[in-house]
>>> print(open('start-v2.txt').read())   # compact mmCIF, C-alpha atoms and all ligand atoms
# COMPACT_ATOMS: atom_id res chain seq x y z
CA MET A 1 23.94 125.25 48.21
CA TYR A 2 20.18 124.87 47.96
CA ALA A 3 17.95 127.90 48.72
CA VAL A 4 19.61 131.01 50.13
CA ALA A 5 17.70 134.14 51.15
CA LEU A 6 19.02 137.26 49.40
CA ALA A 7 16.34 139.56 50.82
CA PRO A 8 13.02 139.02 52.66
CA ASP A 9 11.29 138.60 49.28
CA ALA A 10 14.10 137.04 47.22
CA GLU A 11 16.08 133.84 47.12
CA LEU A 12 18.89 132.16 45.25
CA ARG A 13 18.29 128.58 44.15
CA PRO A 14 19.75 126.06 41.72
CA LEU A 15 18.40 126.41 38.18
CA ASP A 16 17.93 122.98 36.62
CA PRO A 17 16.98 121.64 33.15
CA TRP A 18 13.41 120.85 34.23
CA GLN A 19 12.89 124.61 34.72
CA ALA A 20 13.65 125.40 31.06
CA GLU A 21 10.17 126.77 30.35
CA GLU A 22 10.32 129.20 33.28
CA PHE A 23 13.89 130.11 32.33
CA LEU A 24 12.91 130.87 28.72
CA ALA A 25 9.96 133.05 29.77
CA HIS A 26 12.29 135.00 32.04
CA ILE A 27 14.97 135.34 29.34
CA ASP A 28 12.31 136.73 26.99
CA ARG A 29 11.67 139.48 29.57
CA ALA A 30 15.42 140.07 30.01
CA ARG A 31 16.54 139.83 26.37
CA GLU A 32 16.52 143.52 25.49
CA GLY A 33 18.78 144.45 28.41
CA ILE A 34 21.22 141.57 27.93
CA ASP A 35 21.74 141.58 24.15
CA PRO A 36 23.91 144.72 23.96
CA PHE A 37 26.55 143.14 26.19
CA ILE A 38 26.62 139.33 26.10
CA PRO A 39 25.17 136.55 23.89
CA PHE A 40 23.50 134.77 26.82
CA ALA A 41 19.91 135.60 25.82
CA ALA A 42 20.63 135.16 22.10
CA ARG A 43 21.67 131.57 22.83
CA ASN A 44 18.29 130.90 24.46
CA THR A 45 15.58 131.55 21.93
CA ASP A 46 13.31 128.51 22.26
CA LEU A 47 12.62 125.67 24.66
CA GLU A 48 15.22 123.40 23.09
CA SER A 49 18.06 125.93 23.35
CA ALA A 50 16.98 127.00 26.86
CA ARG A 51 16.99 123.39 28.02
CA ALA A 52 20.38 122.83 26.38
CA THR A 53 21.85 125.76 28.31
CA LEU A 54 20.60 124.42 31.63
CA GLN A 55 21.61 120.87 30.74
CA GLY A 56 25.08 122.14 29.84
CA TYR A 57 25.41 123.69 33.29
CA ALA A 58 24.03 120.55 34.94
CA ASP A 59 26.70 118.51 33.13
CA ARG A 60 29.39 120.96 34.13
CA GLN A 61 28.19 120.95 37.72
CA ALA A 62 28.53 117.16 37.71
CA GLN A 63 32.09 117.64 36.43
CA ASP A 64 32.68 120.45 38.96
CA THR A 65 33.58 122.90 36.17
CA GLY A 66 30.54 125.24 36.30
CA ARG A 67 27.27 125.97 38.14
CA ILE A 68 24.17 128.09 37.56
CA TYR A 69 21.66 129.54 40.04
CA GLY A 70 18.46 131.54 39.61
CA ILE A 71 17.24 134.55 41.57
CA TRP A 72 13.52 134.42 42.45
CA LEU A 73 11.74 137.59 43.56
CA ASP A 74 8.29 136.97 45.05
CA GLY A 75 8.35 133.57 43.35
CA THR A 76 9.25 134.87 39.88
CA LEU A 77 12.58 134.07 38.24
CA VAL A 78 14.15 137.50 37.61
CA GLY A 79 17.85 136.76 37.05
CA GLY A 80 20.75 134.57 37.93
CA VAL A 81 24.42 134.02 38.54
CA MET A 82 26.80 131.34 37.39
CA PHE A 83 30.29 130.02 37.58
CA VAL A 84 31.12 130.39 33.91
CA ARG A 85 34.40 128.64 34.70
CA PHE A 86 35.36 126.70 37.80
CA ASP A 87 38.83 125.18 37.86
CA ALA A 88 39.22 123.63 41.29
CA ALA A 89 42.70 122.29 40.54
CA ALA A 90 44.05 125.74 39.67
CA GLY A 91 41.86 127.51 42.25
CA ASN A 92 40.46 129.92 39.66
CA CYS A 93 36.84 130.66 38.76
CA GLU A 94 34.84 133.22 36.82
CA ILE A 95 31.41 134.51 37.81
CA GLY A 96 28.79 135.78 35.35
CA VAL A 97 25.36 137.35 35.91
CA TRP A 98 22.20 138.46 34.18
CA SER A 99 18.81 139.85 35.19
CA GLU A 100 15.52 141.22 33.89
CA PRO A 101 14.32 144.75 34.71
CA ALA A 102 12.08 143.59 37.60
CA GLY A 103 15.13 142.14 39.35
CA GLN A 104 17.37 145.17 38.97
CA GLY A 105 18.07 148.09 41.26
CA ARG A 106 17.62 146.01 44.43
CA GLY A 107 21.12 144.73 45.08
CA LEU A 108 19.99 141.15 44.40
CA VAL A 109 22.69 140.37 41.85
CA THR A 110 25.42 141.74 44.10
CA ALA A 111 24.05 139.70 47.02
CA ALA A 112 23.94 136.57 44.84
CA VAL A 113 27.52 137.06 43.62
CA ARG A 114 28.61 137.55 47.22
CA ARG A 115 27.10 134.15 47.99
CA LEU A 116 29.03 132.56 45.12
CA LEU A 117 32.24 134.19 46.33
CA ALA A 118 31.60 132.81 49.82
CA TYR A 119 31.07 129.36 48.32
CA ALA A 120 34.24 129.62 46.24
CA PHE A 121 36.51 130.97 48.96
CA GLU A 122 35.03 129.50 52.13
CA GLU A 123 33.63 126.14 51.04
CA ARG A 124 35.93 125.30 48.14
CA GLY A 125 39.22 126.97 49.01
CA MET A 126 39.48 128.76 45.67
CA TYR A 127 42.20 131.40 45.28
CA ARG A 128 40.87 133.74 42.65
CA ALA A 129 37.45 134.75 41.31
CA GLU A 130 37.19 136.75 38.08
CA TRP A 131 34.57 139.06 36.61
CA TRP A 132 34.80 139.85 32.88
CA SER A 133 32.83 142.77 31.54
CA SER A 134 32.72 145.08 28.56
CA THR A 135 33.96 148.61 29.17
CA ARG A 136 30.57 149.68 27.76
CA ASN A 137 28.73 147.84 30.53
CA GLU A 138 28.62 150.33 33.37
CA ARG A 139 26.12 148.44 35.50
CA SER A 140 28.26 145.32 35.33
CA ARG A 141 31.37 147.28 36.30
CA ALA A 142 29.38 148.74 39.21
CA VAL A 143 28.70 145.24 40.55
CA ALA A 144 32.42 144.40 40.52
CA GLN A 145 33.21 147.67 42.27
CA ARG A 146 30.43 147.20 44.81
CA LEU A 147 31.92 143.83 45.69
CA GLY A 148 35.34 145.34 46.21
CA MET A 149 36.98 143.59 43.26
CA THR A 150 40.17 144.93 41.69
CA LEU A 151 40.53 145.79 38.01
CA ASP A 152 43.42 143.62 36.77
CA GLY A 153 43.42 145.12 33.31
CA THR A 154 41.62 145.62 30.03
CA LEU A 155 41.87 143.38 26.98
CA ARG A 156 41.59 145.95 24.22
CA GLN A 157 39.17 145.13 21.38
CA TYR A 158 39.09 141.56 22.66
CA TYR A 159 35.48 140.62 22.25
CA PRO A 160 33.53 140.75 18.95
CA HIS A 161 29.86 141.27 19.75
CA ASN A 162 27.04 142.62 17.56
CA GLY A 163 29.50 143.86 14.95
CA VAL A 164 31.68 145.77 17.43
CA ARG A 165 34.89 144.71 19.15
CA HIS A 166 34.40 145.40 22.87
CA ASP A 167 37.24 146.14 25.27
CA LYS A 168 36.95 143.60 28.10
CA GLU A 169 37.79 144.49 31.68
CA ILE A 170 38.96 141.69 33.94
CA TRP A 171 38.15 142.27 37.58
CA SER A 172 39.17 139.85 40.31
CA MET A 173 39.03 139.08 43.97
CA LEU A 174 41.62 136.92 45.73
CA ALA A 175 40.84 134.67 48.68
CA SER A 176 43.09 136.83 50.83
CA GLU A 177 40.90 139.84 50.00
CA TRP A 178 37.55 138.17 50.67
CA PRO A 179 37.06 138.83 54.43
CA ASP A 180 37.59 142.54 53.78
CA ALA A 181 34.99 142.76 51.05
CA PRO A 182 32.54 145.60 51.79
CA ARG A 183 29.12 144.42 52.95
CA SER A 184 26.81 147.06 51.46
C1 LIG B 201 24.66 143.70 35.34
C2 LIG B 201 23.29 143.64 35.99
C3 LIG B 201 22.99 142.20 36.42
C4 LIG B 201 23.30 144.57 37.21
O1 LIG B 201 22.01 144.61 37.80
P1 LIG B 201 21.77 145.54 39.06
O2 LIG B 201 20.41 145.35 39.54
O3 LIG B 201 22.23 146.92 38.74
O4 LIG B 201 22.81 144.96 40.13
P2 LIG B 201 22.71 144.84 41.70
O5 LIG B 201 21.97 143.67 42.11
O6 LIG B 201 24.10 144.93 42.16
O7 LIG B 201 21.89 146.10 42.16
C5 LIG B 201 22.51 147.36 42.24
C6 LIG B 201 21.44 148.41 42.18
O8 LIG B 201 20.52 148.18 43.27
C7 LIG B 201 20.56 149.29 44.17
N1 LIG B 201 20.42 148.71 45.51
C8 LIG B 201 19.31 148.75 46.25
N2 LIG B 201 19.49 148.08 47.40
C9 LIG B 201 20.76 147.63 47.39
C10 LIG B 201 21.52 146.87 48.31
N3 LIG B 201 21.02 146.44 49.46
N4 LIG B 201 22.80 146.55 47.97
C11 LIG B 201 23.32 146.95 46.80
N5 LIG B 201 22.63 147.68 45.89
C12 LIG B 201 21.35 148.01 46.18
C13 LIG B 201 21.86 149.98 43.88
O9 LIG B 201 21.82 151.34 44.22
C14 LIG B 201 21.95 149.80 42.38
O10 LIG B 201 21.05 150.64 41.71
P3 LIG B 201 21.54 151.84 40.77
O11 LIG B 201 22.41 151.23 39.70
O12 LIG B 201 20.29 152.39 40.23
O13 LIG B 201 22.30 152.72 41.69
C15 LIG B 201 22.16 144.09 35.03
O14 LIG B 201 22.42 145.41 34.62
C16 LIG B 201 22.04 143.20 33.79
O15 LIG B 201 21.38 142.17 33.82
N6 LIG B 201 22.67 143.58 32.66
C17 LIG B 201 22.58 142.80 31.43
C18 LIG B 201 23.39 141.52 31.48
C19 LIG B 201 24.82 141.80 31.80
O16 LIG B 201 25.37 142.83 31.46
N7 LIG B 201 25.46 140.85 32.50
C20 LIG B 201 26.82 141.04 32.96
C21 LIG B 201 27.77 140.69 31.89
S1 LIG B 201 29.44 140.92 32.46
>>> encode(input="start-v2.txt", output="structure tokens")
Amino acid sequence: MYAVALAPDAELRPLDPWQAEEFLAHIDRAREGIDPFIPFAARNTDLESARATLQGYADRQAQDTGRIYGIWLDGTLVGGVMFVRFDAAAGNCEIGVWSEPAGQGRGLVTAAVRRLLAYAFEERGMYRAEWWSSTRNERSRAVAQRLGMTLDGTLRQYYPHNGVRHDKEIWSMLASEWPDAPRS
């Protein structure tokens, strides 16, 4: 996958280590909205840590165990999606997302996740794609619902974050369910 149009003014593209500076500037704009739910922004606080994140994904892409892509709106990096886990042998993967305010409310994240699901199911023959989100994260749950995923269950008080143990919902889509996914 190289560049994929998500909307007339937005595209999904690989996000590589050489883009660490642009990635960090974007994360600084996104930090406030991400911190309550996941440690993704907190792990990227300077150029070194931002580059390490992207290098980690580049290494995992080379091993076929993970991938990361950015969402550009009018040429500005405003969010992204990733395969947090990609286990081709087992046919299971997990998708994660993040965005800054300028990228939200446009359906771009949902469109980007749909592209990753197409890649997983159609190009790679995966069986199951997961979406893990805190029960406190209503906008994240809404993405899973919009995609037509099914709530498998909730891991109660599973995830310690910012001094609170969050209940984690696990949503999934199976390959057999993919062609019927709603196209909103
Ligand atoms: C989760 C997160 C990425 C969702 O962002 P988002 O912009 O709401 O997601 P989408 O791209 O699916 O956009 C949906 C919104 O666009 C609107 N929209 C506009 N055009 C649309 C279209 N063509 N298709 C779908 N939605 C569209 C929807 O109505 C919805 O807006 P609303 O919530 O005000 O009703 C964002 O809240 C975020 O970054 N949160 C912090 C990080 C995080 O929680 N990550 C997930 C951890 S599990």
>>> atom_distance(input="start-v2.txt", atom1="atom O7 of ligand LIG 201 (chain B)", atom2="atom CA of Asn137 of chain A")
13.6 Å
>>> residues_near_ligand(input="start-v2.txt", ligand="ligand LIG 201 (chain B)", cutoff="7 Å", atoms="only C-alpha atoms and all ligand atoms", output="PDB file with C-alpha atoms, in the frame of the given file")
ATOM      1  CA  GLY A  33      18.780 144.450  28.410  1.00  0.00           C
ATOM      2  CA  ILE A  34      21.220 141.570  27.930  1.00  0.00           C
ATOM      3  CA  PHE A  37      26.550 143.140  26.190  1.00  0.00           C
ATOM      4  CA  ILE A  38      26.620 139.330  26.100  1.00  0.00           C
ATOM      5  CA  GLY A  96      28.790 135.780  35.350  1.00  0.00           C
ATOM      6  CA  VAL A  97      25.360 137.350  35.910  1.00  0.00           C
ATOM      7  CA  TRP A  98      22.200 138.460  34.180  1.00  0.00           C
ATOM      8  CA  SER A  99      18.810 139.850  35.190  1.00  0.00           C
ATOM      9  CA  GLU A 100      15.520 141.220  33.890  1.00  0.00           C
ATOM     10  CA  GLY A 103      15.130 142.140  39.350  1.00  0.00           C
ATOM     11  CA  GLN A 104      17.370 145.170  38.970  1.00  0.00           C
ATOM     12  CA  GLY A 105      18.070 148.090  41.260  1.00  0.00           C
ATOM     13  CA  ARG A 106      17.620 146.010  44.430  1.00  0.00           C
ATOM     14  CA  GLY A 107      21.120 144.730  45.080  1.00  0.00           C
ATOM     15  CA  LEU A 108      19.990 141.150  44.400  1.00  0.00           C
ATOM     16  CA  VAL A 109      22.690 140.370  41.850  1.00  0.00           C
ATOM     17  CA  THR A 110      25.420 141.740  44.100  1.00  0.00           C
ATOM     18  CA  ALA A 111      24.050 139.700  47.020  1.00  0.00           C
ATOM     19  CA  TRP A 131      34.570 139.060  36.610  1.00  0.00           C
ATOM     20  CA  TRP A 132      34.800 139.850  32.880  1.00  0.00           C
ATOM     21  CA  SER A 133      32.830 142.770  31.540  1.00  0.00           C
ATOM     22  CA  SER A 134      32.720 145.080  28.560  1.00  0.00           C
ATOM     23  CA  ASN A 137      28.730 147.840  30.530  1.00  0.00           C
ATOM     24  CA  ARG A 139      26.120 148.440  35.500  1.00  0.00           C
ATOM     25  CA  SER A 140      28.260 145.320  35.330  1.00  0.00           C
ATOM     26  CA  VAL A 143      28.700 145.240  40.550  1.00  0.00           C
ATOM     27  CA  SER A 184      26.810 147.060  51.460  1.00  0.00           C
TER      28      SER A 184
END
>>> closest_residue(input="start-v2.txt", among="A:Trp18, A:Leu73, A:Ile68, A:Ala175", to="Glu123 of chain A", atoms="all atoms listed in the file")
A:Ala175
>>> closest_residue(input="start-v2.txt", among="A:Asp35, A:Glu22, A:Asp87, A:Leu15", to="Gly56 of chain A", atoms="only C-alpha atoms")
A:Leu15
>>> residues_near_point(input="start-v2.txt", point="(32.0, 137.6, 48.7)", cutoff="10 Å", atoms="all atoms listed in the file", output="VMD selection string")
chain A and resid 110 to 122 129 147 to 149 173 175 177 to 183
>>> atom_distance(input="start-v2.txt", atom1="atom CA of Tyr158 of chain A", atom2="atom CA of Ala41 of chain A")
20.3 Å
>>> closest_residue(input="start-v2.txt", among="A:Met82, A:Leu77, A:Ser176, A:Gly163", to="Gly125 of chain A", atoms="all atoms listed in the file")
A:Ser176
>>> decode(input="start-v2.txt", residues="segment 1-154 of chain A", atoms="C-alpha atoms", output="tab-separated table (two decimals), in the first residue's frame")
chain	number	residue	atom	x	y	z
A	1	MET	CA	0.00	0.00	0.00
A	2	TYR	CA	1.48	3.37	-0.90
A	3	ALA	CA	-0.84	6.42	-1.12
A	4	VAL	CA	-4.58	5.82	-0.88
A	5	ALA	CA	-7.19	8.58	-1.21
A	6	LEU	CA	-9.53	8.71	1.80
A	7	ALA	CA	-11.37	11.82	0.61
A	8	PRO	CA	-10.74	14.44	-2.11
A	9	ASP	CA	-8.49	16.34	0.32
A	10	ALA	CA	-7.07	13.47	2.38
A	11	GLU	CA	-4.81	10.50	1.88
A	12	LEU	CA	-3.35	7.55	3.73
A	13	ARG	CA	0.37	6.96	3.31
A	14	PRO	CA	3.17	5.03	5.01
A	15	LEU	CA	4.71	6.87	7.96
A	16	ASP	CA	8.45	6.28	8.04
A	17	PRO	CA	11.32	7.13	10.45
A	18	TRP	CA	12.55	10.00	8.25
A	19	GLN	CA	9.23	11.77	8.98
A	20	ALA	CA	9.86	11.84	12.75
A	21	GLU	CA	9.94	15.64	12.94
A	22	GLU	CA	6.58	15.99	11.19
A	23	PHE	CA	5.19	13.15	13.31
A	24	LEU	CA	6.31	14.81	16.56
A	25	ALA	CA	4.80	18.18	15.59
A	26	HIS	CA	1.52	16.42	14.84
A	27	ILE	CA	1.60	14.43	18.09
A	28	ASP	CA	2.12	17.70	19.99
A	29	ARG	CA	-1.16	18.94	18.46
A	30	ALA	CA	-2.90	15.63	19.25
A	31	ARG	CA	-1.48	14.99	22.74
A	32	GLU	CA	-4.31	16.46	24.81
A	33	GLY	CA	-6.95	14.32	23.11
A	34	ILE	CA	-4.93	11.09	23.19
A	35	ASP	CA	-3.52	11.13	26.73
A	36	PRO	CA	-6.76	10.27	28.56
A	37	PHE	CA	-7.04	6.97	26.72
A	38	ILE	CA	-3.73	5.55	25.49
A	39	PRO	CA	0.00	6.17	26.12
A	40	PHE	CA	0.78	6.69	22.43
A	41	ALA	CA	1.48	10.43	22.67
A	42	ALA	CA	3.20	10.11	26.05
A	43	ARG	CA	5.72	7.76	24.42
A	44	ASN	CA	6.56	10.42	21.83
A	45	THR	CA	7.80	13.49	23.61
A	46	ASP	CA	10.93	14.45	21.65
A	47	LEU	CA	12.58	13.75	18.33
A	48	GLU	CA	14.48	10.74	19.64
A	49	SER	CA	11.39	9.00	21.04
A	50	ALA	CA	9.30	9.91	17.96
A	51	ARG	CA	11.94	8.45	15.67
A	52	ALA	CA	12.17	5.33	17.86
A	53	THR	CA	8.42	4.77	17.52
A	54	LEU	CA	8.54	5.00	13.74
A	55	GLN	CA	11.71	2.90	13.57
A	56	GLY	CA	10.02	0.28	15.75
A	57	TYR	CA	7.15	0.07	13.28
A	58	ALA	CA	9.57	-0.01	10.33
A	59	ASP	CA	11.34	-2.97	11.95
A	60	ARG	CA	8.06	-4.70	12.62
A	61	GLN	CA	6.91	-4.07	9.08
A	62	ALA	CA	10.10	-5.75	7.86
A	63	GLN	CA	9.23	-8.69	10.12
A	64	ASP	CA	5.58	-8.56	8.98
A	65	THR	CA	4.37	-8.14	12.57
A	66	GLY	CA	3.13	-4.51	12.46
A	67	ARG	CA	2.64	-1.48	10.20
A	68	ILE	CA	1.91	2.23	10.63
A	69	TYR	CA	0.32	4.74	8.24
A	70	GLY	CA	-0.35	8.47	8.47
A	71	ILE	CA	-3.44	10.42	7.43
A	72	TRP	CA	-2.65	13.69	5.61
A	73	LEU	CA	-5.37	16.33	5.23
A	74	ASP	CA	-4.49	19.09	2.76
A	75	GLY	CA	-0.86	18.04	3.12
A	76	THR	CA	-0.79	18.14	6.94
A	77	LEU	CA	-0.34	14.99	9.02
A	78	VAL	CA	-3.48	14.86	11.19
A	79	GLY	CA	-3.63	11.25	12.42
A	80	GLY	CA	-2.91	7.68	11.64
A	81	VAL	CA	-3.70	4.01	11.87
A	82	MET	CA	-1.57	1.00	12.60
A	83	PHE	CA	-1.47	-2.73	12.90
A	84	VAL	CA	-0.49	-2.87	16.56
A	85	ARG	CA	-0.21	-6.64	16.11
A	86	PHE	CA	-0.10	-8.63	12.90
A	87	ASP	CA	0.23	-12.40	13.24
A	88	ALA	CA	0.04	-13.77	9.72
A	89	ALA	CA	0.54	-17.37	10.86
A	90	ALA	CA	-2.45	-17.25	13.19
A	91	GLY	CA	-4.45	-14.94	10.91
A	92	ASN	CA	-5.07	-12.43	13.71
A	93	CYS	CA	-4.33	-8.71	13.81
A	94	GLU	CA	-5.18	-5.68	15.91
A	95	ILE	CA	-5.76	-2.17	14.56
A	96	GLY	CA	-5.11	1.03	16.51
A	97	VAL	CA	-5.75	4.68	15.64
A	98	TRP	CA	-5.12	8.23	16.75
A	99	SER	CA	-5.80	11.73	15.42
A	100	GLU	CA	-5.53	15.43	16.20
A	101	PRO	CA	-8.60	17.70	16.36
A	102	ALA	CA	-8.18	18.97	12.77
A	103	GLY	CA	-8.49	15.40	11.50
A	104	GLN	CA	-11.58	14.47	13.49
A	105	GLY	CA	-15.26	14.57	12.63
A	106	ARG	CA	-14.65	13.82	8.94
A	107	GLY	CA	-14.78	10.04	8.83
A	108	LEU	CA	-11.09	9.88	7.90
A	109	VAL	CA	-10.10	7.45	10.65
A	110	THR	CA	-12.99	5.12	9.82
A	111	ALA	CA	-12.04	5.26	6.12
A	112	ALA	CA	-8.40	4.52	6.96
A	113	VAL	CA	-9.31	1.56	9.18
A	114	ARG	CA	-11.53	0.25	6.41
A	115	ARG	CA	-8.49	0.32	4.13
A	116	LEU	CA	-6.45	-1.66	6.67
A	117	LEU	CA	-9.26	-4.19	7.00
A	118	ALA	CA	-9.34	-4.57	3.21
A	119	TYR	CA	-5.58	-5.12	3.23
A	120	ALA	CA	-5.82	-7.68	6.02
A	121	PHE	CA	-8.75	-9.65	4.65
A	122	GLU	CA	-8.39	-9.24	0.90
A	123	GLU	CA	-4.64	-9.00	0.33
A	124	ARG	CA	-3.34	-11.05	3.26
A	125	GLY	CA	-6.07	-13.60	3.93
A	126	MET	CA	-6.29	-12.75	7.63
A	127	TYR	CA	-9.18	-14.26	9.62
A	128	ARG	CA	-9.73	-11.83	12.45
A	129	ALA	CA	-9.10	-8.13	13.10
A	130	GLU	CA	-9.42	-6.74	16.62
A	131	TRP	CA	-10.09	-3.30	18.05
A	132	TRP	CA	-9.27	-2.73	21.74
A	133	SER	CA	-10.70	0.33	23.44
A	134	SER	CA	-11.43	1.66	26.90
A	135	THR	CA	-15.09	1.70	27.90
A	136	ARG	CA	-14.49	5.40	28.64
A	137	ASN	CA	-13.53	6.07	25.02
A	138	GLU	CA	-16.84	6.69	23.31
A	139	ARG	CA	-15.39	8.04	20.06
A	140	SER	CA	-13.22	4.96	19.70
A	141	ARG	CA	-16.18	2.66	20.33
A	142	ALA	CA	-18.10	4.63	17.70
A	143	VAL	CA	-15.44	3.82	15.09
A	144	ALA	CA	-15.73	0.09	15.82
A	145	GLN	CA	-19.52	0.31	15.60
A	146	ARG	CA	-19.39	2.37	12.40
A	147	LEU	CA	-17.25	-0.34	10.83
A	148	GLY	CA	-19.73	-3.03	11.80
A	149	MET	CA	-17.44	-4.78	14.28
A	150	THR	CA	-18.83	-7.03	17.01
A	151	LEU	CA	-18.14	-6.57	20.72
A	152	ASP	CA	-16.55	-9.85	21.84
A	153	GLY	CA	-16.41	-8.84	25.48
A	154	THR	CA	-14.98	-6.57	28.13
